[in-house]
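So this block is target.cif, mmCIF, C-alpha atoms and all ligand atoms:
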```cif
data_protein
#
loop_
_atom_site.label_atom_id
_atom_site.label_comp_id
_atom_site.auth_asym_id
_atom_site.auth_seq_id
_atom_site.Cartn_x
_atom_site.Cartn_y
_atom_site.Cartn_z
CA MET S 1 0.00 0.00 0.00
CA THR S 2 1.34 3.46 -0.91
CA ARG S 3 0.75 5.97 1.84
CA HIS S 4 0.35 9.76 1.64
CA SER S 5 -0.05 12.11 4.56
CA ILE S 6 -2.48 14.89 3.82
CA ALA S 7 -2.98 18.03 5.91
CA VAL S 8 -6.54 19.27 5.77
CA ILE S 9 -7.63 22.80 6.68
CA PRO S 10 -11.44 22.80 6.40
CA GLY S 11 -11.59 26.54 7.17
CA ASP S 12 -14.72 28.67 7.20
CA GLY S 13 -18.31 28.79 5.96
CA ILE S 14 -19.03 25.94 3.57
CA GLY S 15 -15.37 24.84 3.74
CA PRO S 16 -15.89 22.24 6.51
CA GLU S 17 -19.06 20.92 4.79
CA VAL S 18 -17.49 20.38 1.37
CA VAL S 19 -14.32 18.94 2.86
CA ALA S 20 -16.23 16.48 5.06
CA ALA S 21 -18.23 15.40 2.01
CA ALA S 22 -15.22 15.08 -0.28
CA GLU S 23 -12.84 13.21 2.04
CA PRO S 24 -14.55 9.79 1.91
CA VAL S 25 -14.76 9.99 -1.89
CA LEU S 26 -11.03 10.65 -2.16
CA ILE S 27 -10.15 7.98 0.37
CA ARG S 28 -12.31 5.43 -1.45
CA ALA S 29 -11.00 6.28 -4.92
CA ALA S 30 -7.39 6.16 -3.75
CA ARG S 31 -7.83 2.90 -1.89
CA ARG S 32 -9.08 1.20 -5.03
CA ASP S 33 -5.68 1.94 -6.52
CA GLY S 34 -3.76 0.72 -3.48
CA VAL S 35 -3.21 4.20 -2.06
CA ASP S 36 -3.83 5.04 1.57
CA LEU S 37 -4.57 8.68 2.46
CA GLU S 38 -3.69 9.51 6.03
CA ILE S 39 -5.47 12.72 6.97
CA GLU S 40 -4.66 15.18 9.74
CA ARG S 41 -6.96 18.12 10.29
CA PHE S 42 -5.85 21.61 11.28
CA PRO S 43 -8.26 24.02 12.99
CA TYR S 44 -7.10 27.29 11.40
CA GLY S 45 -9.81 29.64 10.27
CA ALA S 46 -12.07 32.42 11.53
CA GLU S 47 -13.36 30.60 14.60
CA HIS S 48 -9.87 29.66 15.79
CA TYR S 49 -8.66 33.20 15.09
CA ARG S 50 -11.51 34.76 17.07
CA GLN S 51 -10.89 32.45 20.00
CA THR S 52 -7.09 32.54 20.13
CA GLY S 53 -5.86 35.46 18.02
CA GLU S 54 -3.83 32.95 15.96
CA THR S 55 -4.06 32.88 12.20
CA LEU S 56 -1.42 30.36 11.16
CA PRO S 57 1.11 29.91 13.96
CA ASN S 58 4.75 29.27 13.06
CA HIS S 59 4.82 25.80 14.60
CA ALA S 60 1.92 24.78 12.37
CA PHE S 61 3.53 26.32 9.31
CA ALA S 62 6.73 24.40 10.04
CA ARG S 63 4.79 21.14 10.15
CA LEU S 64 2.77 21.95 7.04
CA GLU S 65 6.00 22.72 5.23
CA ARG S 66 7.82 19.52 6.19
CA GLU S 67 5.53 16.71 7.24
CA PHE S 68 2.90 16.36 4.52
CA ASP S 69 2.67 15.24 0.93
CA ALA S 70 -0.15 17.69 0.20
CA ILE S 71 -2.41 20.27 1.85
CA LEU S 72 -6.14 20.35 1.14
CA VAL S 73 -8.02 23.54 2.02
CA GLY S 74 -11.81 24.04 2.11
CA ALA S 75 -12.27 27.82 2.09
CA LEU S 76 -11.31 30.80 4.21
CA GLY S 77 -13.29 33.96 4.75
CA ASP S 78 -15.81 35.03 7.36
CA PRO S 79 -17.84 38.22 7.59
CA ARG S 80 -17.02 38.40 11.31
CA VAL S 81 -13.34 38.98 10.49
CA PRO S 82 -12.96 42.43 8.96
CA ASN S 83 -10.60 42.74 5.99
CA ASN S 84 -10.23 38.98 5.80
CA GLU S 85 -6.94 39.21 7.68
CA HIS S 86 -6.87 35.60 8.90
CA ALA S 87 -7.54 34.29 5.38
CA ARG S 88 -4.75 36.39 3.96
CA ASP S 89 -2.35 35.01 6.54
CA ILE S 90 -3.43 31.41 6.09
CA LEU S 91 -4.19 31.07 2.38
CA LEU S 92 -2.00 33.74 0.83
CA GLY S 93 0.55 33.06 3.57
CA LEU S 94 0.86 29.42 2.53
CA ARG S 95 0.96 30.24 -1.18
CA PHE S 96 3.71 32.81 -0.67
CA ARG S 97 5.75 31.13 2.03
CA LEU S 98 5.73 27.76 0.27
CA ASP S 99 6.50 29.60 -2.98
CA LEU S 100 3.62 27.86 -4.78
CA TYR S 101 3.97 29.98 -7.88
CA VAL S 102 1.59 28.08 -10.16
CA ASN S 103 -2.11 28.36 -9.51
CA PHE S 104 -3.49 25.75 -11.89
CA ARG S 105 -7.23 26.11 -12.56
CA PRO S 106 -8.81 23.86 -15.19
CA ILE S 107 -12.09 25.04 -16.71
CA ARG S 108 -13.96 22.22 -18.40
CA LEU S 109 -17.60 21.91 -19.42
CA LEU S 110 -18.66 18.61 -17.86
CA HIS S 111 -22.15 18.56 -19.38
CA PRO S 112 -23.64 20.72 -22.17
CA ARG S 113 -26.59 21.84 -19.99
CA LEU S 114 -24.26 23.50 -17.46
CA THR S 115 -23.20 26.47 -19.58
CA PRO S 116 -25.35 29.61 -19.54
CA LEU S 117 -24.28 30.26 -23.14
CA LYS S 118 -26.65 29.47 -25.99
CA ARG S 119 -24.07 27.46 -27.85
CA ALA S 120 -22.79 24.48 -25.97
CA GLU S 121 -19.54 23.64 -27.65
CA ALA S 122 -16.68 22.01 -25.81
CA ILE S 123 -15.13 24.37 -23.27
CA ASP S 124 -11.80 23.07 -22.04
CA PHE S 125 -9.00 25.39 -21.05
CA VAL S 126 -6.72 25.83 -18.10
CA VAL S 127 -5.76 29.02 -16.30
CA PHE S 128 -2.14 29.33 -15.21
CA ARG S 129 -2.34 32.07 -12.64
CA GLU S 130 0.90 33.53 -11.30
CA ASN S 131 0.53 33.01 -7.57
CA THR S 132 3.29 34.86 -5.68
CA GLU S 133 3.48 38.36 -7.17
CA GLY S 134 1.27 41.09 -8.67
CA PRO S 135 -0.72 43.32 -6.33
CA TYR S 136 -1.02 40.38 -3.94
CA VAL S 137 2.41 41.18 -2.45
CA GLY S 138 0.47 43.72 -0.39
CA ARG S 139 3.06 46.44 -0.79
CA GLY S 140 2.01 50.05 -0.63
CA ARG S 141 1.36 52.96 1.65
CA ALA S 142 -1.25 55.43 2.71
CA LEU S 143 -0.58 59.17 2.53
CA HIS S 144 -2.48 62.12 4.00
CA VAL S 145 -4.90 59.76 5.68
CA GLY S 146 -8.19 61.33 6.65
CA THR S 147 -7.74 64.37 4.42
CA PRO S 148 -9.24 65.02 0.99
CA ASP S 149 -5.74 64.41 -0.42
CA GLU S 150 -5.61 60.88 0.96
CA GLU S 151 -3.84 58.40 -1.32
CA GLN S 152 -3.89 54.64 -0.89
CA ILE S 153 -1.03 53.36 -3.01
CA SER S 154 -0.95 49.68 -3.92
CA GLU S 155 2.06 48.35 -5.78
CA GLU S 156 2.14 45.39 -8.12
CA VAL S 157 5.33 43.42 -8.51
CA HIS S 158 6.24 41.48 -11.64
CA THR S 159 9.78 40.09 -11.55
CA ARG S 160 11.60 38.64 -14.54
CA ARG S 161 12.21 35.47 -12.55
CA GLY S 162 8.58 35.24 -11.43
CA VAL S 163 7.04 35.95 -14.82
CA THR S 164 9.46 33.64 -16.61
CA ARG S 165 8.81 30.68 -14.34
CA ILE S 166 5.02 30.81 -14.61
CA LEU S 167 5.29 31.13 -18.40
CA GLU S 168 7.69 28.19 -18.51
CA ALA S 169 5.33 26.10 -16.39
CA ALA S 170 2.45 27.00 -18.72
CA PHE S 171 4.30 26.16 -21.94
CA ARG S 172 5.71 22.96 -20.47
CA TRP S 173 2.23 21.83 -19.48
CA ALA S 174 0.82 22.76 -22.89
CA ASP S 175 3.61 20.81 -24.57
CA GLU S 176 3.07 17.74 -22.39
CA HIS S 177 -0.70 17.82 -22.86
CA GLY S 178 -0.91 18.35 -26.60
CA ARG S 179 -2.13 21.94 -26.44
CA THR S 180 -1.20 23.99 -29.47
CA ARG S 181 -1.86 27.56 -28.31
CA VAL S 182 -1.00 29.58 -25.21
CA THR S 183 -2.80 32.87 -24.58
CA MET S 184 -1.05 35.39 -22.35
CA CYS S 185 -3.07 38.26 -21.00
CA ASP S 186 -2.06 41.56 -19.44
CA LYS S 187 -2.96 45.25 -19.61
CA ALA S 188 0.31 46.62 -20.98
CA ASN S 189 -1.54 49.24 -23.03
CA ALA S 190 -2.48 51.02 -19.82
CA ILE S 191 -0.02 49.75 -17.23
CA PRO S 192 3.53 50.33 -18.55
CA PHE S 193 5.19 47.88 -16.20
CA HIS S 194 3.11 45.01 -17.58
CA ARG S 195 5.52 45.10 -20.54
CA ILE S 196 7.72 42.59 -18.80
CA TRP S 197 4.99 40.00 -19.47
CA GLY S 198 5.24 40.54 -23.22
CA GLU S 199 9.03 40.42 -23.18
CA CYS S 200 9.17 37.20 -21.20
CA PHE S 201 6.34 35.69 -23.26
CA THR S 202 8.29 36.20 -26.48
CA ALA S 203 11.44 34.75 -24.93
CA VAL S 204 9.83 31.67 -23.37
CA GLY S 205 7.51 31.10 -26.34
CA ALA S 206 10.51 30.95 -28.67
CA GLN S 207 11.62 27.78 -26.87
CA PHE S 208 8.35 26.10 -27.88
CA PRO S 209 8.16 26.57 -31.67
CA ASP S 210 5.24 24.16 -32.06
CA ILE S 211 3.00 26.18 -29.76
CA GLU S 212 1.25 29.31 -31.01
CA CYS S 213 1.75 32.36 -28.80
CA GLU S 214 -1.28 34.62 -28.58
CA HIS S 215 -1.68 37.84 -26.62
CA ARG S 216 -4.86 39.48 -25.38
CA TYR S 217 -5.51 42.48 -23.18
CA ILE S 218 -7.60 41.44 -20.18
CA ASP S 219 -10.66 43.46 -21.22
CA ALA S 220 -10.77 41.96 -24.71
CA LEU S 221 -10.10 38.51 -23.28
CA ALA S 222 -13.14 38.82 -20.99
CA LEU S 223 -15.32 39.58 -24.02
CA GLU S 224 -13.92 36.78 -26.11
CA LEU S 225 -14.22 34.27 -23.28
CA VAL S 226 -17.97 34.84 -23.28
CA ARG S 227 -18.28 34.91 -27.07
CA ALA S 228 -16.02 32.01 -28.02
CA PRO S 229 -14.67 30.18 -24.97
CA GLU S 230 -14.13 26.97 -26.97
CA ARG S 231 -11.18 28.50 -28.80
CA PHE S 232 -9.04 28.87 -25.67
CA GLN S 233 -6.66 26.14 -24.58
CA LEU S 234 -4.46 27.72 -21.92
CA ILE S 235 -4.54 31.21 -20.44
CA VAL S 236 -1.49 32.38 -18.51
CA THR S 237 -1.63 35.64 -16.61
CA ASN S 238 -0.78 37.58 -13.48
CA ASN S 239 -2.12 36.90 -10.02
CA LEU S 240 -5.07 39.32 -10.08
CA TYR S 241 -6.26 38.70 -13.64
CA GLY S 242 -5.92 34.97 -13.04
CA ASP S 243 -8.18 35.28 -10.01
CA ILE S 244 -10.83 37.06 -12.05
CA VAL S 245 -10.52 34.95 -15.19
CA SER S 246 -10.92 31.77 -13.15
CA ASP S 247 -14.28 32.90 -11.72
CA LEU S 248 -15.37 34.02 -15.19
CA GLY S 249 -14.33 30.61 -16.50
CA ALA S 250 -16.27 28.93 -13.70
CA GLY S 251 -19.33 30.92 -14.75
CA LEU S 252 -19.03 29.53 -18.27
CA VAL S 253 -19.10 25.90 -17.16
CA GLY S 254 -21.70 25.77 -14.40
CA GLY S 255 -20.40 27.88 -11.55
CA LEU S 256 -18.03 27.83 -8.63
CA GLY S 257 -19.57 24.66 -7.28
CA LEU S 258 -17.61 22.76 -9.92
CA THR S 259 -14.16 24.26 -10.39
CA PRO S 260 -11.02 22.89 -8.73
CA SER S 261 -7.59 24.42 -8.26
CA ALA S 262 -4.04 23.45 -7.37
CA ASN S 263 -1.27 25.67 -5.99
CA LEU S 264 2.00 24.17 -7.14
CA HIS S 265 5.73 24.49 -7.15
CA PRO S 266 6.86 21.67 -9.42
CA GLY S 267 8.72 19.03 -7.43
CA ARG S 268 7.32 20.10 -4.07
CA PRO S 269 4.14 19.25 -2.12
CA GLY S 270 1.20 21.33 -3.33
CA LEU S 271 -1.80 23.05 -1.77
CA PHE S 272 -5.18 22.14 -3.21
CA GLU S 273 -8.41 24.13 -2.84
CA PRO S 274 -11.60 24.70 -4.79
CA VAL S 275 -11.75 28.02 -6.68
CA HIS S 276 -14.75 29.08 -4.63
CA GLY S 277 -14.79 30.79 -1.26
CA SER S 278 -16.64 30.19 1.98
CA ALA S 279 -20.04 31.27 0.54
CA PRO S 280 -21.44 32.51 3.89
CA PRO S 281 -25.08 32.59 2.71
CA LEU S 282 -24.96 28.85 1.93
CA SER S 283 -23.14 27.87 5.09
CA GLY S 284 -24.89 25.47 7.48
CA LYS S 285 -27.65 24.65 4.99
CA ALA S 286 -26.13 21.51 3.47
CA VAL S 287 -26.66 22.91 -0.03
CA ALA S 288 -23.07 23.64 -1.09
CA ASN S 289 -21.92 21.68 -4.09
CA PRO S 290 -19.08 19.35 -3.03
CA ILE S 291 -17.93 18.70 -6.62
CA ALA S 292 -15.35 21.51 -6.75
CA THR S 293 -13.65 20.04 -3.69
CA ILE S 294 -13.93 16.47 -4.96
CA LEU S 295 -12.34 17.48 -8.29
CA THR S 296 -9.71 19.37 -6.31
CA GLY S 297 -8.97 16.08 -4.58
CA ALA S 298 -8.59 14.51 -8.03
CA LEU S 299 -5.98 17.16 -8.91
CA MET S 300 -4.24 16.31 -5.65
CA LEU S 301 -4.19 12.57 -6.37
CA ASP S 302 -2.90 13.27 -9.87
CA ALA S 303 -0.09 15.43 -8.45
CA LEU S 304 0.72 12.66 -5.95
CA GLY S 305 1.33 10.33 -8.88
CA HIS S 306 -2.05 8.59 -9.12
CA PRO S 307 -3.66 9.71 -12.39
CA GLU S 308 -5.80 6.57 -12.43
CA SER S 309 -7.49 7.61 -9.16
CA ALA S 310 -7.99 11.12 -10.52
CA GLU S 311 -9.60 9.77 -13.69
CA ARG S 312 -11.84 7.47 -11.67
CA ILE S 313 -13.11 10.46 -9.67
CA GLU S 314 -13.60 12.63 -12.76
CA ALA S 315 -15.58 9.90 -14.49
CA ALA S 316 -17.75 9.42 -11.40
CA VAL S 317 -18.40 13.16 -11.13
CA GLN S 318 -19.36 13.32 -14.78
CA ARG S 319 -21.79 10.44 -14.37
CA VAL S 320 -23.48 12.02 -11.34
CA ILE S 321 -23.76 15.38 -13.10
CA ALA S 322 -25.47 13.65 -16.02
CA ASP S 323 -27.81 11.42 -13.99
CA GLY S 324 -28.16 13.29 -10.67
CA PRO S 325 -28.48 13.88 -7.83
CA THR S 326 -27.34 17.51 -7.89
CA THR S 327 -27.32 20.43 -5.47
CA PRO S 328 -29.49 23.54 -6.06
CA ASP S 329 -26.75 25.47 -7.91
CA LEU S 330 -27.09 22.86 -10.69
CA GLY S 331 -30.88 22.84 -10.55
CA GLY S 332 -31.33 19.87 -8.23
CA SER S 333 -32.51 19.62 -4.66
CA ALA S 334 -30.01 17.17 -3.20
CA SER S 335 -27.78 17.93 -0.22
CA THR S 336 -23.99 18.23 -0.16
CA LEU S 337 -23.69 14.75 1.33
CA ASP S 338 -26.25 13.17 -1.05
CA VAL S 339 -24.16 14.28 -4.01
CA ALA S 340 -20.91 13.14 -2.43
CA HIS S 341 -22.40 9.73 -1.58
CA ALA S 342 -23.62 9.31 -5.16
CA ILE S 343 -20.13 10.12 -6.45
CA GLU S 344 -18.61 7.71 -3.95
CA GLN S 345 -20.87 4.95 -5.26
CA ALA S 346 -20.07 5.86 -8.86
CA VAL S 347 -16.37 5.60 -8.02
CA ASP S 348 -17.01 1.94 -7.21
CA GLY S 349 -19.29 1.30 -10.15
P1 LIG Y 1 -17.70 32.68 -2.98
O1 LIG Y 1 -16.88 31.87 -3.91
O2 LIG Y 1 -17.76 32.21 -1.58
O3 LIG Y 1 -19.20 32.74 -3.55
C1 LIG Y 1 -19.49 33.29 -4.83
C2 LIG Y 1 -20.81 32.70 -5.37
O4 LIG Y 1 -20.63 31.31 -5.68
C3 LIG Y 1 -21.95 32.76 -4.37
O5 LIG Y 1 -23.13 32.97 -5.10
C4 LIG Y 1 -21.94 31.38 -3.75
O6 LIG Y 1 -23.20 31.01 -3.26
C5 LIG Y 1 -21.53 30.51 -4.93
N1 LIG Y 1 -20.81 29.30 -4.51
C6 LIG Y 1 -19.53 29.26 -4.04
N2 LIG Y 1 -19.20 28.01 -3.73
C7 LIG Y 1 -20.26 27.24 -3.99
C8 LIG Y 1 -20.53 25.85 -3.87
N3 LIG Y 1 -19.61 24.98 -3.42
N4 LIG Y 1 -21.75 25.39 -4.22
C9 LIG Y 1 -22.68 26.22 -4.70
N5 LIG Y 1 -22.49 27.56 -4.84
C10 LIG Y 1 -21.29 28.05 -4.49
O7 LIG Y 1 -17.17 34.17 -3.09
P2 LIG Y 1 -17.51 35.47 -2.19
O8 LIG Y 1 -18.94 35.45 -1.80
O9 LIG Y 1 -16.96 36.60 -2.93
O10 LIG Y 1 -16.61 35.27 -0.90
C11 LIG Y 1 -17.05 34.75 0.35
C12 LIG Y 1 -15.84 34.66 1.27
O11 LIG Y 1 -14.94 33.65 0.79
C13 LIG Y 1 -15.03 35.95 1.34
O12 LIG Y 1 -14.56 36.07 2.67
C14 LIG Y 1 -13.87 35.70 0.41
O13 LIG Y 1 -12.72 36.45 0.72
C15 LIG Y 1 -13.63 34.22 0.61
N6 LIG Y 1 -12.96 33.51 -0.49
C16 LIG Y 1 -12.09 32.52 -0.14
C17 LIG Y 1 -11.52 31.74 -1.11
C18 LIG Y 1 -10.61 30.62 -0.69
O14 LIG Y 1 -10.54 30.27 0.46
N7 LIG Y 1 -9.89 29.99 -1.61
C19 LIG Y 1 -11.83 31.95 -2.46
C20 LIG Y 1 -12.74 32.97 -2.79
C21 LIG Y 1 -13.30 33.75 -1.79
C1 LIG Y 2 -9.05 32.67 -4.66
C2 LIG Y 2 -9.55 33.72 -3.70
C3 LIG Y 2 -8.40 34.40 -2.96
C4 LIG Y 2 -7.53 35.08 -4.00
C5 LIG Y 2 -8.84 35.39 -1.87
C6 LIG Y 2 -9.70 34.72 -0.83
C7 LIG Y 2 -7.68 36.07 -1.21
O1 LIG Y 2 -10.35 34.64 -4.37
O2 LIG Y 2 -8.37 31.73 -4.22
O3 LIG Y 2 -9.38 32.73 -5.84
O4 LIG Y 2 -7.81 36.21 -4.41
O5 LIG Y 2 -6.56 34.45 -4.44
MN MN Y 3 -10.84 34.04 -6.41
#
```

Show me this structure written as structure tokens.
Ligand code: NAD
Ligand code: IPM
Ligand code: MN
Amino acid sequence: MTRHSIAVIPGDGIGPEVVAAAEPVLIRAARRDGVDLEIERFPYGAEHYRQTGETLPNHAFARLEREFDAILVGALGDPRVPNNEHARDILLGLRFRLDLYVNFRPIRLLHPRLTPLKRAEAIDFVVFRENTEGPYVGRGRALHVGTPDEEQISEEVHTRRGVTRILEAAFRWADEHGRTRVTMCDKANAIPFHRIWGECFTAVGAQFPDIECEHRYIDALALELVRAPERFQLIVTNNLYGDIVSDLGAGLVGGLGLTPSANLHPGRPGLFEPVHGSAPPLSGKAVANPIATILTGALMLDALGHPESAERIEAAVQRVIADGPTTPDLGGSASTLDVAHAIEQAVDG
């Protein structure tokens, strides 16, 4: 039996519900392939922060960094914590401190009825979101606070090393997965320092002569994603635009209840989380769709070297989406656990 130790941070809102629903599915799918998932839960989130003042203590970070093969996160964010400070420390803290520079977010239409578009052609692209730079570095300053001349200055950082490595990861993945076009998006027509993206794109793209390099400004990309999403194969972009494009992509294929994500640094343990957040209005009602978290688990198993388990889960999810049951976001009336149980059974079937 192969064994993997997995750290799980269920987090806030619907996070604990979708994680509790997904875990048995992942354990079952992995076991069928002779893989044992050993799970340890961590309590970090809004409730823990409110009770103890701790966001992610150093001793926990040290263990998360060294002792696990992967980290699975539900969601972080709670209206009772102003400015989301605990979530920034925990989620962004882990992404930055573990240097997980690739945020890999596949967008795939799993059933034609799920898209709100009139035409239901195949939608299948991945977002490679730079995950350690951009405005997310949180650098800046406030001047003349409280006066009419107040300025809140937020800096974005795009380093040659950082931009090059996300582009390389994107092209490498495209090459290994038979994708023939990479679309890079920025806003260099308005933001002069986005030019580094174009420079690095040309340089890295030249090393992959069989892959077409395409550039779009983010505004035009948003339009085209709605008009002709089927033409995109891989979109690589900065941290902020990647965040936005991944929710837009989710909207094209059935919503945030379905879209998984992986935070990676090739060769190191990754952090896996659905694209969605803690959805406070859904919390405690057993209506959250567990599929995004279950597919996130499939990405995790794939990264751990078990593509057969990942495929088994994806096939089971696809079957349950086609035949039901589904949660209300997909038009059904089933609960989070009903859907997860159906997927668990389909994994066996
Ligand atoms: P959200 O992703 O929580 O919700 C956006 C919309 O998607 C809502 O309509 C919600 O009902 C729906 N939705 C989300 N997940 C769903 C699911 N599993 N099933 C069915 N519907 C689902 O985004 P938000 O409302 O902007 O943010 C809420 C909180 O979550 C905020 O504190 C935010 O900062 C945080 N957040 C955290 C993460 C994360 O932990 N990775 C990601 C995004 C937002
Ligand atoms: C995401 C989320 C986070 C982000 C928030 C919660 C900080 O929206 O994972 O997509 O912006 O990266
Ligand atoms: Mn987001």

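Proximity of S:Gln207, S:Thr2, S:Asn239, S:Thr159 to ligand LIG 2 (chain Y), computed with all atoms listed in the file, is greatest for S:Asn239.
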
Using all atoms listed in the file, which residues have at least one atom no more than 7 Å from ligand MN 3 (chain Y)? Output them as a list in words.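 Residues lying within 7 Å of ligand MN 3 (chain Y): Asp243, Ile244, Asp247, Val275 and His276 of chain S.
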
Distance query Arg32 (chain S) at most 9 Å, all atoms listed in the file, self and fewer than 4 positions along chain excluded, as a ChimeraX atom specification: /S:27-28,309,348

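The shell of residues at most 9 Å from Glu54 (chain S), with all atoms listed in the file counted and near chain neighbours (fewer than 6 positions) removed, consists of S:Tyr44, S:Gly45, S:His48, S:His86.
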
Which of these residues is nearest to Asp33 (chain S), using all atoms listed in the file: S:Glu308, S:Glu150, S:Glu344, S:Glu314?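 Looking only at the distances to Asp33 (chain S), the closest residue turns out to be S:Glu308.
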
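With distances taken over all atoms listed in the file, S:Val8 is the one residue among S:Val8, S:Val236, S:Leu64, S:Leu330 lying closest to Arg41 (chain S).
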
Please identify the residues whose atoms come within 9 Å of ligand LIG 2 (chain Y), using all atoms listed in the file, and report them as number ranges by chain. S: 75-77, 84, 87-88, 91-92, 103, 131, 136, 239-240, 242-244, 246-247, 261, 273-278

Please report the interatomic distance between CA of Ala288 (chain S) and atom C7 of ligand LIG 1 (chain Y) in Å with one decimal. 5.4 Å
